[in-house]
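> Below is one structure. I have some questions about it.
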Amino acid sequence: MDDFGSLFDEFDVLGAFWVNIQLTFWAAIFAMVLGTLLAVMRISPVPSLRWAGTTYVTLLRNTPLTVIIVFCVLGLWGQLGITLSSDFQRNFFWLSVLGLTVYHAAFVCEALRSGVNTVPVGQAEAARAIGLDFGASARLVILPQAFRGAVAPLGNVLIALTKNSTVAAAGSVAETSGLMREMIEFRPDVIVAIFLIFAIGFVILVVPMGLATTSLSRRWSVAR
Amino acid sequence: MRTRLMAAAMVAAGALTLAACSSDDDPGDGGTGDGGGGGGDTIRIGIKFDQPGLGFKDGDTYTGFDVDVAKYVAGELGYTEDQIEFVESPSAQRETMLQNGQVDLIFATYSITDERKEVVSFAGPYFVAGQDLLVAADDTTITGPEDLEGKNLCSVTGSTSAQRIKDEYAAGTNLLEQPGYSECVTALTAGTVDAVTTDDIILAGLASIPANEGKVKVVGNPFSEENYGVGMPKDSDRCQAVTDAITKMLGDGAWQKALDDNVGASGYVPNADLNPPEPAACE
């Protein structure tokens, strides 16, 4: 137990977790927006939009996240000089949020499409029959039901995003996995304690998400 | 739910601890380190695979200064080159690999520190490196860590190097942390960072690879002391034999030759006050 105490004194463990929470928060919001847009594109009647959405999902979903984050830093910032903040370190934070967003948006899109599949075809046909165009029927009829049917898979995406936020270490963001590496470098005598701190930390972060999305998915599911 | 998870975590931790303990009683592959008992056995040596000039895997050949020292020491312990099995030992895994017997010795830019001595033993040092800077070949404005104020500096995530510069020399340094040094050198040649920092011999190895030759240079103003030792399981009976081998290598010219062969091309000269080092006695 002394080991745990001294590790918390020596290293800013909670601060590192806070960075992961912030990364997760912003990337979750942006990925939700982008992913919804992509899902609408993929179910739209316009072939070019469907094609663009499918290409995006195929490309981003199948590229390792580390590659995307490293590209954001070494490619976008390093080669092209794109900055998202005038503060040097903050820039890497937002570049990593960008990388996490574009990657997870593909998964949000697919989760939403699985939700769309829970909506009976008759609903879409009824929406057309009362004279709604595609935009209105998606907004008023299909998506509201799709979201309710997709709570559990969206929860899985959020859980994956929370853990994947540790990849931001590859983008020069000081967060938990970087701190863990630093702690192992300086305190190799207590590796098991270090591992337990981070494992338990993530369990504490993620378990409530799983419980919440499971109960919400039950409560919100559309009775059919 | 929570209690069951905690129990599972404790069981996992217990298993790890047991594994670590049992390996203490296990003398590895039975090598006694008496200098001649190699016959038939192999020795597993941990090196880096990704540090050109020090420990580098190219196809199925291994090159670098650490590799040459490892081969020499293994030879003195009675192992031919065919009997050496090189194993990759990334920095964060070195102690664990020694503790659970995955490797017998480690030659991987392994600095001797008190914390590490708690869990593993060291012979050596066989080289004394110092933290230094790698800059663009035509850069004359950076001659030491003090010149980094307001500049962009790259180092590897979780390493001591960059933090030392911020703490002791230039608090206003902008820090880019990357997974590996090759990414840092990429950023340096692209001009988005002004310097890369770590031990001078590692930088010299990076500067020696053909793609970087002529583009970057080691500043040559080391500002720390890193004693590279040979890592071995705690209280290994090989310590004295390894120390004798290093002492012999330092004396007969093979050490200097290994250094020149591997990192000489960059024009790097090791800190002459501290090199060649004097190996410490085994405790």
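Labels used: A, B, ... for chains in the order of the structure tokens, numbers from 1 for residues in each chain, and numbers from 1 for ligands as shown.
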Taking only C-alpha atoms into account, produce a table as CSV in which each residue of chain B with an atom at most 6 Å from an atom of chain A appears once, together with its shortest atom pair and the distance in Å to one decimal, ordered by chain and rising number.

```
residue,atom,partner,partner_atom,distance
B:Val119,CA,A:Asp189,CA,5.8
B:Thr157,CA,A:Gly178,CA,5.9
B:Gly158,CA,A:Glu182,CA,3.9
B:Leu176,CA,A:Ser172,CA,5.6
B:Glu177,CA,A:Ser172,CA,4.4
B:Gln178,CA,A:Ala170,CA,5.7
B:Pro179,CA,A:Ala170,CA,5.5
B:Thr192,CA,A:Gly78,CA,5.6
```
> Write the residues of the preceding selection, restricted to N, CA, C and O atoms, as a tab-separated table (two decimals), in the first residue's frame.

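And here is the file that came out, out.tsv:
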```
chain	number	residue	atom	x	y	z
B	119	VAL	N	15.78	-4.25	-8.42
B	119	VAL	CA	15.16	-5.45	-8.99
B	119	VAL	C	16.08	-6.26	-9.90
B	119	VAL	O	15.82	-7.44	-10.13
B	157	THR	N	8.32	9.61	-25.69
B	157	THR	CA	7.34	9.60	-24.60
B	157	THR	C	7.88	8.86	-23.38
B	157	THR	O	8.38	7.74	-23.50
B	158	GLY	N	7.74	9.47	-22.22
B	158	GLY	CA	8.10	8.80	-20.98
B	158	GLY	C	9.59	8.75	-20.70
B	158	GLY	O	10.02	8.08	-19.78
B	176	LEU	N	7.76	18.20	-28.00
B	176	LEU	CA	7.02	17.21	-28.81
B	176	LEU	C	7.48	15.83	-28.37
B	176	LEU	O	8.67	15.54	-28.37
B	177	GLU	N	6.53	15.00	-27.95
B	177	GLU	CA	6.88	13.64	-27.53
B	177	GLU	C	6.39	12.66	-28.57
B	177	GLU	O	5.22	12.66	-28.92
B	178	GLN	N	7.27	11.81	-29.05
B	178	GLN	CA	6.92	10.85	-30.09
B	178	GLN	C	7.23	9.44	-29.63
B	178	GLN	O	8.02	9.24	-28.71
B	179	PRO	N	6.59	8.44	-30.25
B	179	PRO	CA	6.82	7.06	-29.81
B	179	PRO	C	8.27	6.60	-30.04
B	179	PRO	O	8.76	5.77	-29.28
B	192	THR	N	10.10	21.17	-38.36
B	192	THR	CA	9.09	21.58	-37.38
B	192	THR	C	9.62	21.52	-35.95
B	192	THR	O	9.04	22.12	-35.06
```
> Just want the 9 Å neighbourhood of Val157 in chain A, counted on only C-alpha atoms, with same-chain residues fewer than 6 positions away dropped. Output as an MDAnalysis selection string.
chainID A and resid 28 104 107:108 111
> A:Arg219, A:Ile159, A:Leu37, A:Leu143: which is nearest Leu49 in chain A, counting only C-alpha atoms?
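Among the listed residues, the smallest separation from Leu49 in chain A belongs to A:Leu37.
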> List as a compact mmCIF listing (two decimals) with all heavy atoms, in the first residue's frame the protein and nucleic acid residues near Ala160 in chain A, meaning an atom at most 12 Å away when only C-alpha atoms are counted, but skip any in the same chain fewer than 2 places from it.

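New file out.txt:
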```
# COMPACT_ATOMS: atom_id res chain seq x y z
N THR A 24 -11.74 12.22 -24.41
CA THR A 24 -12.92 11.42 -24.68
C THR A 24 -14.14 12.30 -24.87
O THR A 24 -14.92 12.12 -25.80
CB THR A 24 -13.17 10.43 -23.52
OG1 THR A 24 -11.97 9.68 -23.30
CG2 THR A 24 -14.31 9.50 -23.83
N ALA A 27 -13.91 14.34 -28.27
CA ALA A 27 -13.96 13.44 -29.42
C ALA A 27 -15.33 12.77 -29.51
O ALA A 27 -15.84 12.54 -30.61
CB ALA A 27 -12.86 12.39 -29.33
N ALA A 28 -15.96 12.47 -28.35
CA ALA A 28 -17.27 11.83 -28.37
C ALA A 28 -18.31 12.77 -28.99
O ALA A 28 -19.11 12.34 -29.82
CB ALA A 28 -17.69 11.45 -26.95
N LEU A 65 -5.63 3.29 -35.50
CA LEU A 65 -5.76 4.61 -34.87
C LEU A 65 -4.39 5.27 -34.67
O LEU A 65 -4.24 6.48 -34.85
CB LEU A 65 -6.51 4.48 -33.54
CG LEU A 65 -6.71 5.76 -32.75
CD1 LEU A 65 -7.47 6.80 -33.56
CD2 LEU A 65 -7.46 5.48 -31.47
N LEU A 100 -8.95 11.16 -33.07
CA LEU A 100 -9.93 10.28 -32.40
C LEU A 100 -11.31 10.47 -33.02
O LEU A 100 -12.07 9.50 -33.18
CB LEU A 100 -9.98 10.61 -30.90
CG LEU A 100 -8.78 10.20 -30.06
CD1 LEU A 100 -8.83 10.87 -28.69
CD2 LEU A 100 -8.72 8.70 -29.90
N TYR A 103 -11.68 8.88 -36.61
CA TYR A 103 -11.66 7.41 -36.51
C TYR A 103 -12.98 6.89 -35.94
O TYR A 103 -13.61 6.01 -36.51
CB TYR A 103 -10.49 6.99 -35.63
CG TYR A 103 -10.34 5.50 -35.40
CD1 TYR A 103 -9.81 4.67 -36.38
CD2 TYR A 103 -10.70 4.93 -34.18
CE1 TYR A 103 -9.66 3.31 -36.15
CE2 TYR A 103 -10.54 3.58 -33.94
CZ TYR A 103 -10.02 2.77 -34.94
OH TYR A 103 -9.86 1.43 -34.71
N HIS A 104 -13.40 7.45 -34.80
CA HIS A 104 -14.58 6.91 -34.15
C HIS A 104 -15.88 7.30 -34.83
O HIS A 104 -16.90 6.65 -34.64
CB HIS A 104 -14.59 7.29 -32.66
CG HIS A 104 -13.54 6.56 -31.88
ND1 HIS A 104 -12.28 7.05 -31.70
CD2 HIS A 104 -13.55 5.32 -31.31
CE1 HIS A 104 -11.57 6.17 -31.02
NE2 HIS A 104 -12.31 5.12 -30.78
N PHE A 107 -17.19 4.47 -36.64
CA PHE A 107 -17.86 3.45 -35.82
C PHE A 107 -19.24 3.95 -35.36
O PHE A 107 -20.18 3.17 -35.26
CB PHE A 107 -16.99 3.07 -34.62
CG PHE A 107 -15.76 2.32 -35.03
CD1 PHE A 107 -14.58 2.98 -35.31
CD2 PHE A 107 -15.78 0.94 -35.16
CE1 PHE A 107 -13.45 2.30 -35.71
CE2 PHE A 107 -14.66 0.24 -35.56
CZ PHE A 107 -13.49 0.92 -35.84
N VAL A 108 -19.34 5.26 -35.05
CA VAL A 108 -20.64 5.83 -34.69
C VAL A 108 -21.59 5.64 -35.86
O VAL A 108 -22.74 5.22 -35.69
CB VAL A 108 -20.50 7.33 -34.35
CG1 VAL A 108 -21.87 7.98 -34.25
CG2 VAL A 108 -19.74 7.51 -33.05
N PRO A 153 -24.86 -0.27 -28.97
CA PRO A 153 -23.65 -0.17 -29.79
C PRO A 153 -22.95 1.17 -29.67
O PRO A 153 -21.71 1.23 -29.70
CB PRO A 153 -24.13 -0.43 -31.22
CG PRO A 153 -25.60 -0.40 -31.18
CD PRO A 153 -26.02 -0.68 -29.77
N LEU A 154 -23.72 2.26 -29.52
CA LEU A 154 -23.07 3.57 -29.32
C LEU A 154 -22.29 3.58 -28.01
O LEU A 154 -21.21 4.16 -27.92
CB LEU A 154 -24.10 4.70 -29.34
CG LEU A 154 -24.64 5.09 -30.70
CD1 LEU A 154 -25.77 6.12 -30.55
CD2 LEU A 154 -23.54 5.66 -31.59
N GLY A 155 -22.84 2.90 -26.99
CA GLY A 155 -22.13 2.79 -25.72
C GLY A 155 -20.82 2.06 -25.90
O GLY A 155 -19.78 2.43 -25.33
N ASN A 156 -20.84 1.01 -26.73
CA ASN A 156 -19.60 0.29 -27.00
C ASN A 156 -18.57 1.19 -27.67
O ASN A 156 -17.38 1.12 -27.37
CB ASN A 156 -19.88 -0.92 -27.90
CG ASN A 156 -20.61 -2.00 -27.15
OD1 ASN A 156 -20.63 -2.01 -25.92
ND2 ASN A 156 -21.24 -2.91 -27.89
N VAL A 157 -19.04 2.03 -28.60
CA VAL A 157 -18.12 2.95 -29.27
C VAL A 157 -17.52 3.92 -28.25
O VAL A 157 -16.32 4.20 -28.27
CB VAL A 157 -18.84 3.72 -30.40
CG1 VAL A 157 -17.91 4.76 -31.02
CG2 VAL A 157 -19.33 2.76 -31.47
N LEU A 158 -18.36 4.39 -27.32
CA LEU A 158 -17.87 5.33 -26.30
C LEU A 158 -16.83 4.66 -25.40
O LEU A 158 -15.80 5.26 -25.06
CB LEU A 158 -19.04 5.84 -25.45
CG LEU A 158 -18.67 6.84 -24.35
CD1 LEU A 158 -18.10 8.12 -24.97
CD2 LEU A 158 -19.86 7.17 -23.47
N THR A 162 -12.99 5.77 -25.01
CA THR A 162 -12.34 6.11 -23.74
C THR A 162 -10.98 5.44 -23.63
O THR A 162 -9.98 6.07 -23.28
CB THR A 162 -13.23 5.63 -22.57
OG1 THR A 162 -14.55 6.12 -22.76
CG2 THR A 162 -12.68 6.14 -21.25
N LYS A 163 -10.95 4.15 -23.96
CA LYS A 163 -9.68 3.44 -23.85
C LYS A 163 -8.71 3.85 -24.96
O LYS A 163 -7.51 3.98 -24.73
CB LYS A 163 -9.94 1.93 -23.87
CG LYS A 163 -10.75 1.49 -22.65
CD LYS A 163 -10.96 0.01 -22.61
CE LYS A 163 -11.98 -0.41 -23.65
NZ LYS A 163 -12.25 -1.85 -23.58
N ASN A 164 -9.26 4.09 -26.16
CA ASN A 164 -8.40 4.49 -27.27
C ASN A 164 -7.80 5.87 -27.08
O ASN A 164 -6.85 6.23 -27.78
CB ASN A 164 -9.19 4.48 -28.59
CG ASN A 164 -9.45 3.07 -29.07
OD1 ASN A 164 -8.86 2.12 -28.57
ND2 ASN A 164 -10.33 2.93 -30.03
N SER A 165 -8.35 6.66 -26.15
CA SER A 165 -7.79 8.00 -25.94
C SER A 165 -6.34 7.89 -25.46
O SER A 165 -5.58 8.85 -25.56
CB SER A 165 -8.64 8.80 -24.96
OG SER A 165 -8.58 8.21 -23.67
N THR A 166 -5.94 6.71 -24.98
CA THR A 166 -4.54 6.54 -24.57
C THR A 166 -3.59 6.57 -25.77
O THR A 166 -2.40 6.78 -25.59
CB THR A 166 -4.34 5.20 -23.84
OG1 THR A 166 -4.85 4.15 -24.66
CG2 THR A 166 -5.03 5.18 -22.51
N VAL A 167 -4.13 6.34 -26.97
CA VAL A 167 -3.26 6.39 -28.15
C VAL A 167 -2.74 7.81 -28.39
O VAL A 167 -1.75 8.02 -29.08
CB VAL A 167 -4.00 5.84 -29.40
CG1 VAL A 167 -3.15 5.91 -30.64
CG2 VAL A 167 -4.43 4.41 -29.15
N PHE A 202 -9.04 2.70 -15.25
CA PHE A 202 -9.89 2.60 -16.44
C PHE A 202 -11.16 1.80 -16.16
O PHE A 202 -12.23 2.11 -16.70
CB PHE A 202 -9.12 2.02 -17.62
CG PHE A 202 -8.43 3.11 -18.41
CD1 PHE A 202 -7.10 3.39 -18.21
CD2 PHE A 202 -9.15 3.89 -19.29
CE1 PHE A 202 -6.49 4.42 -18.91
CE2 PHE A 202 -8.56 4.91 -20.00
CZ PHE A 202 -7.21 5.19 -19.80
N LEU A 205 -13.51 4.14 -14.68
CA LEU A 205 -14.06 5.06 -15.68
C LEU A 205 -15.09 4.38 -16.57
O LEU A 205 -16.12 4.97 -16.91
CB LEU A 205 -12.93 5.56 -16.59
CG LEU A 205 -12.24 6.88 -16.27
CD1 LEU A 205 -11.27 7.21 -17.39
CD2 LEU A 205 -13.26 7.99 -16.14
N VAL A 206 -14.80 3.15 -16.97
CA VAL A 206 -15.56 2.54 -18.04
C VAL A 206 -16.78 1.75 -17.55
O VAL A 206 -17.82 1.76 -18.20
CB VAL A 206 -14.64 1.64 -18.90
CG1 VAL A 206 -15.45 0.80 -19.86
CG2 VAL A 206 -13.63 2.50 -19.65
N VAL A 207 -16.68 1.10 -16.39
CA VAL A 207 -17.79 0.27 -15.92
C VAL A 207 -19.10 1.06 -15.83
O VAL A 207 -20.13 0.59 -16.31
CB VAL A 207 -17.44 -0.41 -14.58
CG1 VAL A 207 -18.68 -0.93 -13.88
CG2 VAL A 207 -16.47 -1.56 -14.83
N MET A 209 -20.04 3.51 -17.60
CA MET A 209 -20.54 3.74 -18.97
C MET A 209 -21.29 2.51 -19.46
O MET A 209 -22.37 2.62 -20.06
CB MET A 209 -19.37 3.98 -19.93
CG MET A 209 -18.68 5.30 -19.73
SD MET A 209 -17.40 5.46 -20.98
CE MET A 209 -16.46 6.80 -20.27
N GLY A 210 -20.72 1.34 -19.21
CA GLY A 210 -21.37 0.11 -19.65
C GLY A 210 -22.71 -0.08 -18.97
O GLY A 210 -23.72 -0.38 -19.61
```
> Can you work out which one of A:Arg50, A:Arg42, A:Arg224, A:Arg61 has the shortest atom-to-atom distance to Ala106 in chain A, counting only C-alpha atoms?
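Smallest separation from Ala106 in chain A among the options: A:Arg61.
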> Which neighbours of Tyr72 in chain B fall inside 9 Å, counting only C-alpha atoms, when residues of the same chain fewer than 2 positions from it are skipped, and could you give them as a VMD selection string?
chain B and resid 67 to 70 74 to 77 245 to 246 249 254
> Just write the chosen residues, N, CA, C and O atoms, as an mmCIF file, in the first residue's frame.

```
data_model
loop_
_atom_site.group_PDB
_atom_site.id
_atom_site.type_symbol
_atom_site.label_atom_id
_atom_site.label_comp_id
_atom_site.auth_asym_id
_atom_site.auth_seq_id
_atom_site.Cartn_x
_atom_site.Cartn_y
_atom_site.Cartn_z
ATOM 1 N N VAL B 67 25.572 -4.583 -29.690
ATOM 2 C CA VAL B 67 25.641 -5.944 -30.213
ATOM 3 C C VAL B 67 27.089 -6.435 -30.199
ATOM 4 O O VAL B 67 27.372 -7.573 -29.802
ATOM 5 N N ASP B 68 28.023 -5.568 -30.614
ATOM 6 C CA ASP B 68 29.431 -5.982 -30.636
ATOM 7 C C ASP B 68 29.955 -6.260 -29.227
ATOM 8 O O ASP B 68 30.688 -7.223 -29.011
ATOM 9 N N VAL B 69 29.563 -5.411 -28.281
ATOM 10 C CA VAL B 69 29.994 -5.660 -26.901
ATOM 11 C C VAL B 69 29.377 -6.964 -26.394
ATOM 12 O O VAL B 69 30.049 -7.782 -25.757
ATOM 13 N N ALA B 70 28.101 -7.172 -26.739
ATOM 14 C CA ALA B 70 27.423 -8.402 -26.306
ATOM 15 C C ALA B 70 28.121 -9.636 -26.866
ATOM 16 O O ALA B 70 28.338 -10.620 -26.154
ATOM 17 N N ALA B 74 29.878 -12.416 -24.584
ATOM 18 C CA ALA B 74 29.397 -13.797 -24.695
ATOM 19 C C ALA B 74 30.540 -14.713 -25.083
ATOM 20 O O ALA B 74 30.649 -15.848 -24.588
ATOM 21 N N GLY B 75 31.424 -14.235 -25.960
ATOM 22 C CA GLY B 75 32.594 -15.018 -26.355
ATOM 23 C C GLY B 75 33.471 -15.330 -25.161
ATOM 24 O O GLY B 75 33.945 -16.465 -24.987
ATOM 25 N N GLU B 76 33.660 -14.335 -24.303
ATOM 26 C CA GLU B 76 34.476 -14.544 -23.103
ATOM 27 C C GLU B 76 33.804 -15.520 -22.130
ATOM 28 O O GLU B 76 34.467 -16.202 -21.360
ATOM 29 N N LEU B 77 32.472 -15.552 -22.167
ATOM 30 C CA LEU B 77 31.744 -16.476 -21.288
ATOM 31 C C LEU B 77 31.730 -17.887 -21.861
ATOM 32 O O LEU B 77 31.204 -18.806 -21.246
ATOM 33 N N ALA B 245 35.162 -9.671 -18.560
ATOM 34 C CA ALA B 245 35.126 -9.601 -20.027
ATOM 35 C C ALA B 245 35.136 -8.159 -20.506
ATOM 36 O O ALA B 245 35.845 -7.811 -21.456
ATOM 37 N N ILE B 246 34.358 -7.301 -19.828
ATOM 38 C CA ILE B 246 34.327 -5.884 -20.216
ATOM 39 C C ILE B 246 35.697 -5.253 -20.002
ATOM 40 O O ILE B 246 36.207 -4.515 -20.854
ATOM 41 N N MET B 249 37.895 -6.245 -22.766
ATOM 42 C CA MET B 249 37.545 -5.580 -24.025
ATOM 43 C C MET B 249 38.028 -4.136 -24.046
ATOM 44 O O MET B 249 38.496 -3.627 -25.068
ATOM 45 N N ALA B 254 39.433 -3.728 -28.664
ATOM 46 C CA ALA B 254 38.190 -4.153 -29.325
ATOM 47 C C ALA B 254 37.057 -3.174 -29.043
ATOM 48 O O ALA B 254 36.187 -2.933 -29.884
#
```
> Name the residues in contact with Arg128 in chain A at a cut-off of 12 Å, using only C-alpha atoms, excluding same-chain residues fewer than 4 positions from it; report them as a ChimeraX atom specification.
/A:121-124,132-138,140-142
